[in-house]
file my_file10.txt (compact mmCIF, C-alpha atoms)
# COMPACT_ATOMS: atom_id res chain seq x y z
CA MET A 45 -28.17 -40.82 -32.74
CA LEU A 46 -29.60 -41.15 -29.23
CA ASP A 47 -27.46 -38.24 -28.01
CA ALA A 48 -28.76 -36.03 -30.81
CA ALA A 49 -32.34 -37.02 -29.95
CA MET A 50 -31.88 -36.18 -26.27
CA TRP A 51 -30.45 -32.75 -27.07
CA ALA A 52 -33.31 -32.16 -29.51
CA VAL A 53 -35.91 -33.09 -26.86
CA ALA A 54 -34.29 -30.65 -24.42
CA ALA A 55 -34.43 -27.95 -27.09
CA ALA A 56 -38.12 -28.72 -27.68
CA ALA A 57 -38.84 -28.37 -23.96
CA GLY A 58 -37.24 -24.93 -23.87
CA LEU A 59 -39.12 -23.76 -26.96
CA GLY A 60 -42.40 -25.00 -25.50
CA ALA A 61 -41.82 -23.07 -22.29
CA ALA A 62 -40.83 -19.96 -24.28
CA MET A 63 -44.23 -19.97 -26.00
CA ILE A 64 -45.87 -19.64 -22.59
CA THR A 65 -43.66 -16.83 -21.31
CA THR A 66 -44.18 -15.05 -24.63
CA ARG A 67 -47.93 -15.24 -24.23
CA LEU A 68 -47.70 -13.85 -20.71
CA GLY A 69 -45.41 -11.02 -21.83
CA LEU A 70 -47.65 -10.04 -24.74
CA ARG A 71 -50.33 -9.04 -22.26
CA TYR A 72 -48.29 -5.91 -21.61
CA THR A 73 -46.60 -4.90 -24.86
CA THR A 74 -46.36 -5.45 -28.61
CA PRO A 75 -44.54 -8.29 -30.42
CA LEU A 76 -41.88 -5.94 -31.78
CA ALA A 77 -41.23 -4.36 -28.39
CA GLY A 78 -41.09 -7.82 -26.81
CA ALA A 79 -38.59 -9.03 -29.40
CA ALA A 80 -36.50 -5.91 -28.77
CA ILE A 81 -36.22 -7.09 -25.16
CA GLY A 82 -35.82 -10.84 -25.61
CA VAL A 83 -33.29 -11.11 -28.45
CA PRO A 84 -30.80 -8.52 -27.12
CA SER A 85 -31.11 -10.05 -23.63
CA THR A 86 -30.13 -13.42 -25.04
CA THR A 87 -27.27 -11.88 -26.99
CA LEU A 88 -25.96 -10.31 -23.80
CA MET A 89 -26.19 -13.70 -22.09
CA PHE A 90 -24.20 -15.33 -24.89
CA TRP A 91 -21.46 -12.70 -24.66
CA CYS A 92 -21.28 -12.88 -20.86
CA LEU A 93 -20.74 -16.64 -21.06
CA ALA A 94 -18.38 -16.46 -24.05
CA PRO A 95 -15.17 -16.30 -21.95
CA PHE A 96 -16.15 -19.64 -20.41
CA LEU A 97 -17.88 -21.49 -23.25
CA LEU A 98 -16.49 -20.12 -26.52
CA ASP A 99 -13.66 -22.15 -28.06
CA THR A 100 -12.11 -20.44 -31.09
CA GLY A 101 -10.07 -23.50 -32.04
CA GLY A 102 -10.72 -24.64 -35.60
CA PHE A 103 -12.15 -21.26 -36.58
CA SER A 104 -13.58 -21.15 -40.10
CA LEU A 105 -14.38 -17.83 -41.74
CA ARG A 106 -16.79 -19.52 -44.12
CA ALA A 107 -18.66 -21.13 -41.22
CA ALA A 108 -18.77 -17.85 -39.30
CA SER A 109 -20.17 -16.16 -42.41
CA LEU A 110 -22.91 -18.81 -42.64
CA PHE A 111 -23.77 -18.30 -38.96
CA ALA A 112 -23.97 -14.53 -39.55
CA LEU A 113 -26.15 -15.07 -42.63
CA VAL A 114 -28.52 -17.18 -40.56
CA GLY A 115 -28.60 -14.43 -37.93
CA LEU A 116 -30.07 -12.00 -40.47
CA PHE A 117 -33.37 -13.89 -40.34
CA PHE A 118 -33.09 -16.38 -37.47
CA PRO A 119 -34.02 -15.87 -34.73
CA ALA A 120 -34.91 -12.25 -35.69
CA ALA A 121 -37.65 -12.80 -38.28
CA VAL A 122 -38.84 -16.02 -36.64
CA THR A 123 -39.17 -14.23 -33.31
CA LEU A 124 -41.33 -11.46 -34.78
CA LEU A 125 -43.52 -13.88 -36.71
CA THR A 126 -43.94 -16.19 -33.71
CA TYR A 127 -44.68 -13.38 -31.26
CA THR A 128 -47.28 -11.90 -33.61
CA GLY A 129 -48.88 -15.29 -34.24
CA ASN A 130 -48.87 -15.98 -30.50
CA GLN A 131 -50.61 -12.69 -29.83
CA ARG A 132 -53.33 -13.33 -32.43
CA MET A 133 -53.91 -17.09 -32.12
CA GLY A 134 -52.48 -18.11 -28.75
CA PRO A 135 -49.46 -20.29 -27.92
CA THR A 136 -50.85 -23.74 -28.65
CA ILE A 137 -52.12 -23.07 -32.17
CA THR A 138 -49.07 -21.00 -33.09
CA SER A 139 -46.64 -23.65 -31.94
CA ALA A 140 -48.68 -26.46 -33.49
CA VAL A 141 -48.81 -24.83 -36.93
CA SER A 142 -45.05 -24.35 -36.69
CA CYS A 143 -44.82 -28.13 -36.80
CA THR A 144 -44.50 -27.78 -40.58
CA THR A 145 -40.82 -26.99 -40.01
CA PRO A 146 -39.70 -30.63 -40.51
CA MET A 147 -41.29 -30.78 -43.95
CA PHE A 148 -39.28 -27.78 -45.10
CA ALA A 149 -36.18 -29.02 -43.27
CA LEU A 150 -36.27 -32.49 -44.79
CA ALA A 151 -36.55 -31.03 -48.29
CA GLY A 152 -33.58 -28.75 -47.59
CA ALA A 153 -31.56 -31.58 -46.06
CA VAL A 154 -32.00 -33.69 -49.18
CA LEU A 155 -31.42 -30.88 -51.69
CA PHE A 156 -28.55 -29.04 -50.04
CA LEU A 157 -26.93 -31.45 -47.56
CA GLY A 158 -27.33 -34.67 -49.49
CA GLU A 159 -28.89 -36.49 -46.55
CA ALA A 160 -30.42 -39.81 -47.49
CA LEU A 161 -33.95 -40.32 -46.25
CA GLY A 162 -35.41 -43.76 -45.65
CA ALA A 163 -39.07 -44.68 -45.43
CA GLY A 164 -38.79 -44.57 -41.62
CA ASN A 165 -37.59 -40.94 -41.66
CA VAL A 166 -40.41 -39.83 -43.93
CA LEU A 167 -43.10 -41.81 -42.09
CA GLY A 168 -41.89 -40.76 -38.63
CA THR A 169 -41.83 -37.09 -39.65
CA ALA A 170 -45.29 -37.37 -41.23
CA ILE A 171 -46.71 -38.91 -38.05
CA ILE A 172 -45.20 -36.12 -35.93
CA VAL A 173 -46.63 -33.46 -38.22
CA LEU A 174 -50.02 -35.20 -38.14
CA GLY A 175 -49.89 -35.32 -34.35
CA MET A 176 -49.19 -31.58 -34.18
CA LEU A 177 -52.02 -30.85 -36.60
CA VAL A 178 -54.41 -32.91 -34.48
CA LEU A 179 -53.39 -30.87 -31.46
CA SER A 180 -54.06 -27.62 -33.33
CA TRP A 181 -57.48 -28.66 -34.64
CA THR A 182 -60.50 -27.06 -32.98
CA ASP A 183 -64.09 -28.18 -33.37
CA GLY A 184 -67.17 -26.06 -33.67
CA ALA A 185 -67.48 -25.79 -29.90
CA ARG A 186 -64.73 -23.19 -29.87
CA ALA A 187 -65.17 -20.41 -32.44
CA ARG A 188 -62.09 -19.11 -34.22
CA ASP A 189 -61.56 -15.52 -33.09
CA TRP A 190 -58.54 -14.71 -35.28
CA PRO A 191 -58.29 -13.92 -39.02
CA LEU A 192 -57.48 -16.85 -41.30
CA TRP A 193 -54.48 -15.07 -42.81
CA ALA A 194 -52.76 -15.20 -39.41
CA ILE A 195 -52.01 -18.88 -40.05
CA ALA A 196 -49.38 -17.69 -42.54
CA LEU A 197 -47.32 -16.23 -39.69
CA PRO A 198 -46.23 -19.51 -38.04
CA VAL A 199 -45.97 -21.23 -41.45
CA ALA A 200 -43.51 -18.57 -42.60
CA ALA A 201 -41.65 -18.90 -39.32
CA ALA A 202 -41.46 -22.67 -39.87
CA ALA A 203 -39.96 -22.27 -43.35
CA ILE A 204 -37.39 -19.76 -42.11
CA ARG A 205 -36.51 -21.95 -39.13
CA ALA A 206 -35.98 -24.91 -41.46
CA LEU A 207 -33.68 -22.89 -43.72
CA ALA A 208 -31.71 -21.81 -40.64
CA GLN A 209 -31.29 -25.44 -39.56
CA VAL A 210 -29.96 -26.47 -42.97
CA LEU A 211 -27.54 -23.54 -43.25
CA THR A 212 -26.36 -23.96 -39.67
CA LYS A 213 -25.74 -27.67 -40.23
CA SER A 214 -23.59 -26.70 -43.22
CA GLY A 215 -21.63 -24.27 -41.07
CA LEU A 216 -21.20 -26.75 -38.24
CA ALA A 217 -19.70 -29.22 -40.71
CA LEU A 218 -16.94 -26.65 -41.29
CA TRP A 219 -16.57 -25.45 -37.68
CA SER A 220 -18.12 -27.78 -35.12
CA ASN A 221 -18.84 -25.09 -32.55
CA PRO A 222 -22.51 -24.78 -31.51
CA TYR A 223 -21.77 -21.95 -29.09
CA ALA A 224 -20.08 -19.85 -31.77
CA ALA A 225 -23.04 -20.49 -34.07
CA GLY A 226 -25.45 -19.21 -31.43
CA LEU A 227 -23.27 -16.26 -30.43
CA ILE A 228 -22.74 -15.00 -33.97
CA GLY A 229 -26.31 -15.61 -35.05
CA TYR A 230 -27.84 -13.89 -32.03
CA THR A 231 -25.47 -10.92 -32.30
CA VAL A 232 -26.58 -10.27 -35.88
CA SER A 233 -30.23 -10.89 -35.01
CA ALA A 234 -30.07 -8.43 -32.11
CA ALA A 235 -28.86 -5.73 -34.49
CA VAL A 236 -31.69 -6.57 -36.92
CA ILE A 237 -34.34 -6.52 -34.19
CA LEU A 238 -33.15 -3.23 -32.70
CA ALA A 239 -33.06 -1.65 -36.16
CA ALA A 240 -36.58 -2.93 -36.86
CA ALA A 241 -37.78 -1.60 -33.50
CA ARG A 242 -36.33 1.81 -34.27
CA ILE A 243 -37.84 1.92 -37.76
CA GLY A 244 -41.11 0.35 -36.70
CA GLY A 245 -41.64 2.71 -33.82
CA ALA A 246 -41.65 0.22 -30.97
CA PRO A 247 -42.26 1.93 -27.63
CA LYS A 248 -39.02 3.12 -26.07
CA ALA A 249 -40.19 2.02 -22.65
CA ALA A 250 -42.35 -1.06 -22.65
CA ASP A 251 -44.58 -1.81 -19.70
CA ARG A 252 -42.28 -2.94 -16.90
CA ARG A 253 -44.45 -5.99 -16.34
CA ALA A 254 -43.42 -7.29 -19.78
CA LEU A 255 -39.69 -7.11 -19.04
CA PRO A 256 -39.20 -10.28 -16.94
CA TRP A 257 -41.37 -12.36 -19.26
CA PHE A 258 -39.44 -11.43 -22.39
CA VAL A 259 -36.07 -11.74 -20.68
CA ALA A 260 -37.15 -15.24 -19.64
CA THR A 261 -38.37 -15.90 -23.18
CA GLY A 262 -35.05 -14.78 -24.59
CA PHE A 263 -33.08 -17.02 -22.26
CA LEU A 264 -35.31 -20.01 -23.01
CA ASN A 265 -35.07 -19.47 -26.76
CA GLY A 266 -31.32 -18.93 -26.60
CA ALA A 267 -30.73 -22.05 -24.56
CA SER A 268 -32.98 -24.03 -26.90
CA LEU A 269 -31.11 -22.79 -29.95
CA PHE A 270 -27.79 -23.79 -28.39
CA LEU A 271 -29.14 -27.25 -27.54
CA MET A 272 -30.54 -27.65 -31.05
CA TYR A 273 -27.16 -26.76 -32.54
CA ILE A 274 -25.49 -29.36 -30.31
CA ALA A 275 -28.03 -31.86 -31.62
CA LEU A 276 -27.20 -30.85 -35.21
CA VAL A 277 -23.53 -31.55 -34.54
CA GLU A 278 -24.44 -35.02 -33.27
CA GLY A 279 -27.14 -35.95 -35.79
CA GLN A 280 -28.73 -35.20 -39.13
CA VAL A 281 -31.31 -32.51 -39.82
CA SER A 282 -33.78 -35.26 -40.74
CA LEU A 283 -33.64 -36.53 -37.14
CA VAL A 284 -33.21 -33.30 -35.17
CA SER A 285 -35.79 -31.10 -36.90
CA PRO A 286 -38.83 -33.40 -36.39
CA ILE A 287 -38.00 -33.94 -32.71
CA VAL A 288 -37.52 -30.22 -32.04
CA ALA A 289 -40.89 -29.67 -33.73
CA THR A 290 -42.59 -31.58 -30.91
CA TYR A 291 -42.33 -28.54 -28.65
CA PRO A 292 -46.11 -27.90 -28.84
CA LEU A 293 -46.49 -30.88 -26.50
CA PHE A 294 -44.53 -28.97 -23.87
CA THR A 295 -46.51 -25.81 -24.64
CA LEU A 296 -49.72 -27.77 -24.18
CA GLY A 297 -48.59 -29.25 -20.88
CA LEU A 298 -47.61 -25.87 -19.49
CA SER A 299 -50.83 -24.30 -20.80
CA LEU A 300 -52.76 -26.90 -18.85
CA LEU A 301 -50.85 -26.07 -15.68
CA LEU A 302 -50.39 -22.31 -15.95
CA LEU A 303 -52.75 -20.69 -18.44
CA ARG A 304 -55.67 -23.12 -18.10
CA HIS A 305 -56.48 -22.53 -21.77
CA GLU A 306 -56.51 -26.23 -22.58
CA ARG A 307 -57.97 -29.43 -21.21
CA ILE A 308 -57.26 -33.08 -21.87
CA THR A 309 -59.65 -34.35 -24.54
CA PRO A 310 -59.59 -37.40 -26.83
CA ARG A 311 -58.18 -35.13 -29.56
CA VAL A 312 -55.34 -33.94 -27.34
CA ALA A 313 -54.58 -37.50 -26.27
CA LEU A 314 -54.55 -38.69 -29.89
CA GLY A 315 -52.22 -35.86 -30.92
CA ALA A 316 -49.83 -36.69 -28.11
CA VAL A 317 -49.83 -40.40 -28.93
CA LEU A 318 -49.20 -39.75 -32.62
CA THR A 319 -46.34 -37.38 -31.85
CA VAL A 320 -44.61 -39.73 -29.44
CA SER A 321 -45.09 -42.59 -31.89
CA GLY A 322 -43.45 -40.56 -34.64
CA VAL A 323 -40.44 -39.80 -32.47
CA ALA A 324 -40.14 -43.46 -31.52
CA LEU A 325 -40.20 -44.42 -35.20
CA LEU A 326 -37.44 -41.93 -36.00
CA LEU A 327 -35.27 -43.39 -33.26
CA ALA A 328 -35.92 -46.91 -34.49
CA VAL A 329 -34.66 -46.12 -37.99
call {"tool": "encode", "arguments": {"input": "my_file10.txt", "output": "structure tokens"}}
result
Amino acid sequence: MLDAAMWAVAAAAGLGAAMITTRLGLRYTTPLAGAAIGVPSTTLMFWCLAPFLLDTGGFSLRAASLFALVGLFFPAAVTLLTYTGNQRMGPTITSAVSCTTPMFALAGAVLFLGEALGAGNVLGTAIIVLGMLVLSWTDGARARDWPLWAIALPVAAAAIRALAQVLTKSGLALWSNPYAAGLIGYTVSAAVILAAARIGGAPKAADRRALPWFVATGFLNGASLFLMYIALVEGQVSLVSPIVATYPLFTLGLSLLLLRHERITPRVALGAVLTVSGVALLLAV
């Protein structure tokens, strides 16, 4: 269990950093154009490393089909929803609202994977979600400058991400190969993103200043996905999903250092304490 938790924390760190690079890249291009850079870049990275990291032993066609099915909407749809939410609401709020992923994931784990949840799992997850919501809350001192409907973007991304975690866990039970899961999923997602960019009229040549940020975002997201899949091999969805959902803490920390959009307040401190407490409770179960 501890190994799974450590991999999940590493995945959360990468996702938190990716929210920052996404925000920086969106200064120069649209979400769709950014996704058309980041996802294919990650796919290329996966294929370049495949000769060294891909082990085809124990291949399962059913598992590969599940990984491909996941790739139709994750990370493709999640990337577009997250980039758009990031552009409209900023990285901290977008990532914090995405904390609803564990609630969807736990429901899926119980219904489709038969995972047994104890009171500690439910309470720990609830505390983590509460901590993320505290981080996302803003008082009257800072007016909301984005439309209320935009909150649906990260919520939808959270639900899709949770479904991907449940389906991937099912596939990994048949073929315990996190790298193959990432490679297949990203290959399908790259095709989806490029098709969407072509249909949606994304600019053929994005501002050159956006390129390094979205390549970095793609690499961070790809590495995080791989680490999360390793965690799913080692542990249950009910443990991995809530810990990965703590990535807004890393986003917040980097925002403090790089973007200077945040400051340490009692609310931020409370959110951080709640989140860490929830993770500790999950590990104590």
call {"tool": "closest_residue", "arguments": {"input": "my_file10.txt", "among": "A:Ala224, A:Val210, A:Leu216, A:Leu70", "to": "Ala254 in chain A", "atoms": "all atoms listed in the file"}}
result
A:Leu70
call {"tool": "atom_distance", "arguments": {"input": "my_file10.txt", "atom1": "CA of Leu97 in chain A", "atom2": "CA of Val277 in chain A"}}
result
16.1 Å
call {"tool": "closest_residue", "arguments": {"input": "my_file10.txt", "among": "A:Leu110, A:Ile81, A:Met89, A:Ala61", "to": "Asp251 in chain A", "atoms": "all atoms listed in the file"}}
result
A:Ile81
call {"tool": "residues_around", "arguments": {"input": "my_file10.txt", "residues": "Leu255 in chain A", "least_positions_apart": "2", "cutoff": "10 Å", "atoms": "only C-alpha atoms", "output": "ChimeraX atom specification"}}
result
/A:69,72-73,77-78,81-82,249-253,257-261
call {"tool": "closest_atom_pairs", "arguments": {"input": "my_file10.txt", "of": "range 208-267 of chain A", "to": "range 139-161 of chain A", "cutoff": "9 Å", "atoms": "all atoms listed in the file", "output": "Markdown table"}}
result
| residue | atom | partner | partner_atom | distance |
| --- | --- | --- | --- | --- |
| A:Ala208 | CA | A:Ala149 | CA | 8.9 |
| A:Gln209 | CA | A:Ala149 | CA | 7.1 |
| A:Val210 | CA | A:Ala153 | CA | 6.2 |
| A:Leu211 | CA | A:Phe156 | CA | 8.8 |
| A:Lys213 | CA | A:Leu157 | CA | 8.3 |
| A:Ser214 | CA | A:Leu157 | CA | 7.2 |
call {"tool": "atom_distance", "arguments": {"input": "my_file10.txt", "atom1": "CA of Thr231 in chain A", "atom2": "CA of Thr87 in chain A"}}
result
5.7 Å
call {"tool": "atom_distance", "arguments": {"input": "my_file10.txt", "atom1": "CA of Gly162 in chain A", "atom2": "CA of Ala107 in chain A"}}
result
28.5 Å
call {"tool": "residues_around", "arguments": {"input": "my_file10.txt", "residues": "Ala52 in chain A", "least_positions_apart": "3", "cutoff": "6 Å", "atoms": "all atoms listed in the file", "output": "list of chain:residue names"}}
result
A:Ala49, A:Ala55, A:Met272, A:Ala275, A:Val284, A:Ile287, A:Val288
call {"tool": "residues_around", "arguments": {"input": "my_file10.txt", "residues": "Gly279 in chain A", "least_positions_apart": "3", "cutoff": "9 Å", "atoms": "all atoms listed in the file", "output": "list in words"}}
result
Met45, Leu46, Asp47, Ala48, Ala49, Ile274, Ala275, Leu276, Ser282, Leu283 and Val284 of chain A
call {"tool": "closest_residue", "arguments": {"input": "my_file10.txt", "among": "A:Pro292, A:Gly262, A:Gly315, A:Gly297", "to": "Thr86 in chain A", "atoms": "all atoms listed in the file"}}
result
A:Gly262
call {"tool": "closest_residue", "arguments": {"input": "my_file10.txt", "among": "A:Ala79, A:Ile195, A:Leu227, A:Ala267", "to": "Cys92 in chain A", "atoms": "all atoms listed in the file"}}
result
A:Leu227
call {"tool": "residues_around", "arguments": {"input": "my_file10.txt", "residues": "Ala163 in chain A", "least_positions_apart": "5", "cutoff": "12 Å", "atoms": "only C-alpha atoms", "output": "PyMOL selection string"}}
result
chain A and resi 168-170+282+325-326+328-329
call {"tool": "closest_residue", "arguments": {"input": "my_file10.txt", "among": "A:Gly102, A:Pro84, A:Gly229, A:Pro222", "to": "Phe118 in chain A", "atoms": "only C-alpha atoms"}}
result
A:Gly229
call {"tool": "closest_residue", "arguments": {"input": "my_file10.txt", "among": "A:Ala80, A:Ala200, A:Ala217, A:Leu179", "to": "Tyr273 in chain A", "atoms": "all atoms listed in the file"}}
result
A:Ala217
call {"tool": "residues_around", "arguments": {"input": "my_file10.txt", "residues": "Leu76 in chain A", "least_positions_apart": "2", "cutoff": "8 Å", "atoms": "only C-alpha atoms", "output": "list in words"}}
result
Thr74, Gly78, Ala79, Ala80, Leu124, Tyr127, Ile237, Ala240, Ala241 and Ala246 of chain A
call {"tool": "residues_near_point", "arguments": {"input": "my_file10.txt", "point": "(-37.8, -23.4, -25.2)", "cutoff": "9 Å", "atoms": "only C-alpha atoms", "output": "VMD selection string"}}
result
chain A and resid 54 to 63 261 263 to 269 291 294
call {"tool": "write_last_selection", "arguments": {"input": "my_file10.txt", "atoms": "C-alpha atoms", "output": "PDB file, in the coordinates of the input"}}
result
ATOM      1  CA  ALA A  54     -34.290 -30.650 -24.420  1.00  0.00           C
ATOM      2  CA  ALA A  55     -34.430 -27.950 -27.090  1.00  0.00           C
ATOM      3  CA  ALA A  56     -38.120 -28.720 -27.680  1.00  0.00           C
ATOM      4  CA  ALA A  57     -38.840 -28.370 -23.960  1.00  0.00           C
ATOM      5  CA  GLY A  58     -37.240 -24.930 -23.870  1.00  0.00           C
ATOM      6  CA  LEU A  59     -39.120 -23.760 -26.960  1.00  0.00           C
ATOM      7  CA  GLY A  60     -42.400 -25.000 -25.500  1.00  0.00           C
ATOM      8  CA  ALA A  61     -41.820 -23.070 -22.290  1.00  0.00           C
ATOM      9  CA  ALA A  62     -40.830 -19.960 -24.280  1.00  0.00           C
ATOM     10  CA  MET A  63     -44.230 -19.970 -26.000  1.00  0.00           C
ATOM     11  CA  THR A 261     -38.370 -15.900 -23.180  1.00  0.00           C
ATOM     12  CA  PHE A 263     -33.080 -17.020 -22.260  1.00  0.00           C
ATOM     13  CA  LEU A 264     -35.310 -20.010 -23.010  1.00  0.00           C
ATOM     14  CA  ASN A 265     -35.070 -19.470 -26.760  1.00  0.00           C
ATOM     15  CA  GLY A 266     -31.320 -18.930 -26.600  1.00  0.00           C
ATOM     16  CA  ALA A 267     -30.730 -22.050 -24.560  1.00  0.00           C
ATOM     17  CA  SER A 268     -32.980 -24.030 -26.900  1.00  0.00           C
ATOM     18  CA  LEU A 269     -31.110 -22.790 -29.950  1.00  0.00           C
ATOM     19  CA  TYR A 291     -42.330 -28.540 -28.650  1.00  0.00           C
ATOM     20  CA  PHE A 294     -44.530 -28.970 -23.870  1.00  0.00           C
TER      21      PHE A 294
END
call {"tool": "residues_near_point", "arguments": {"input": "my_file10.txt", "point": "(-39.6, -19.2, -38.5)", "cutoff": "10 Å", "atoms": "all atoms listed in the file", "output": "list in words"}}
result
Phe117, Phe118, Pro119, Ala120, Ala121, Val122, Thr123, Leu124, Leu125, Thr126, Ser142, Thr145, Leu197, Pro198, Val199, Ala200, Ala201, Ala202, Ala203, Ile204, Arg205, Ala206, Leu207 and Ala208 of chain A
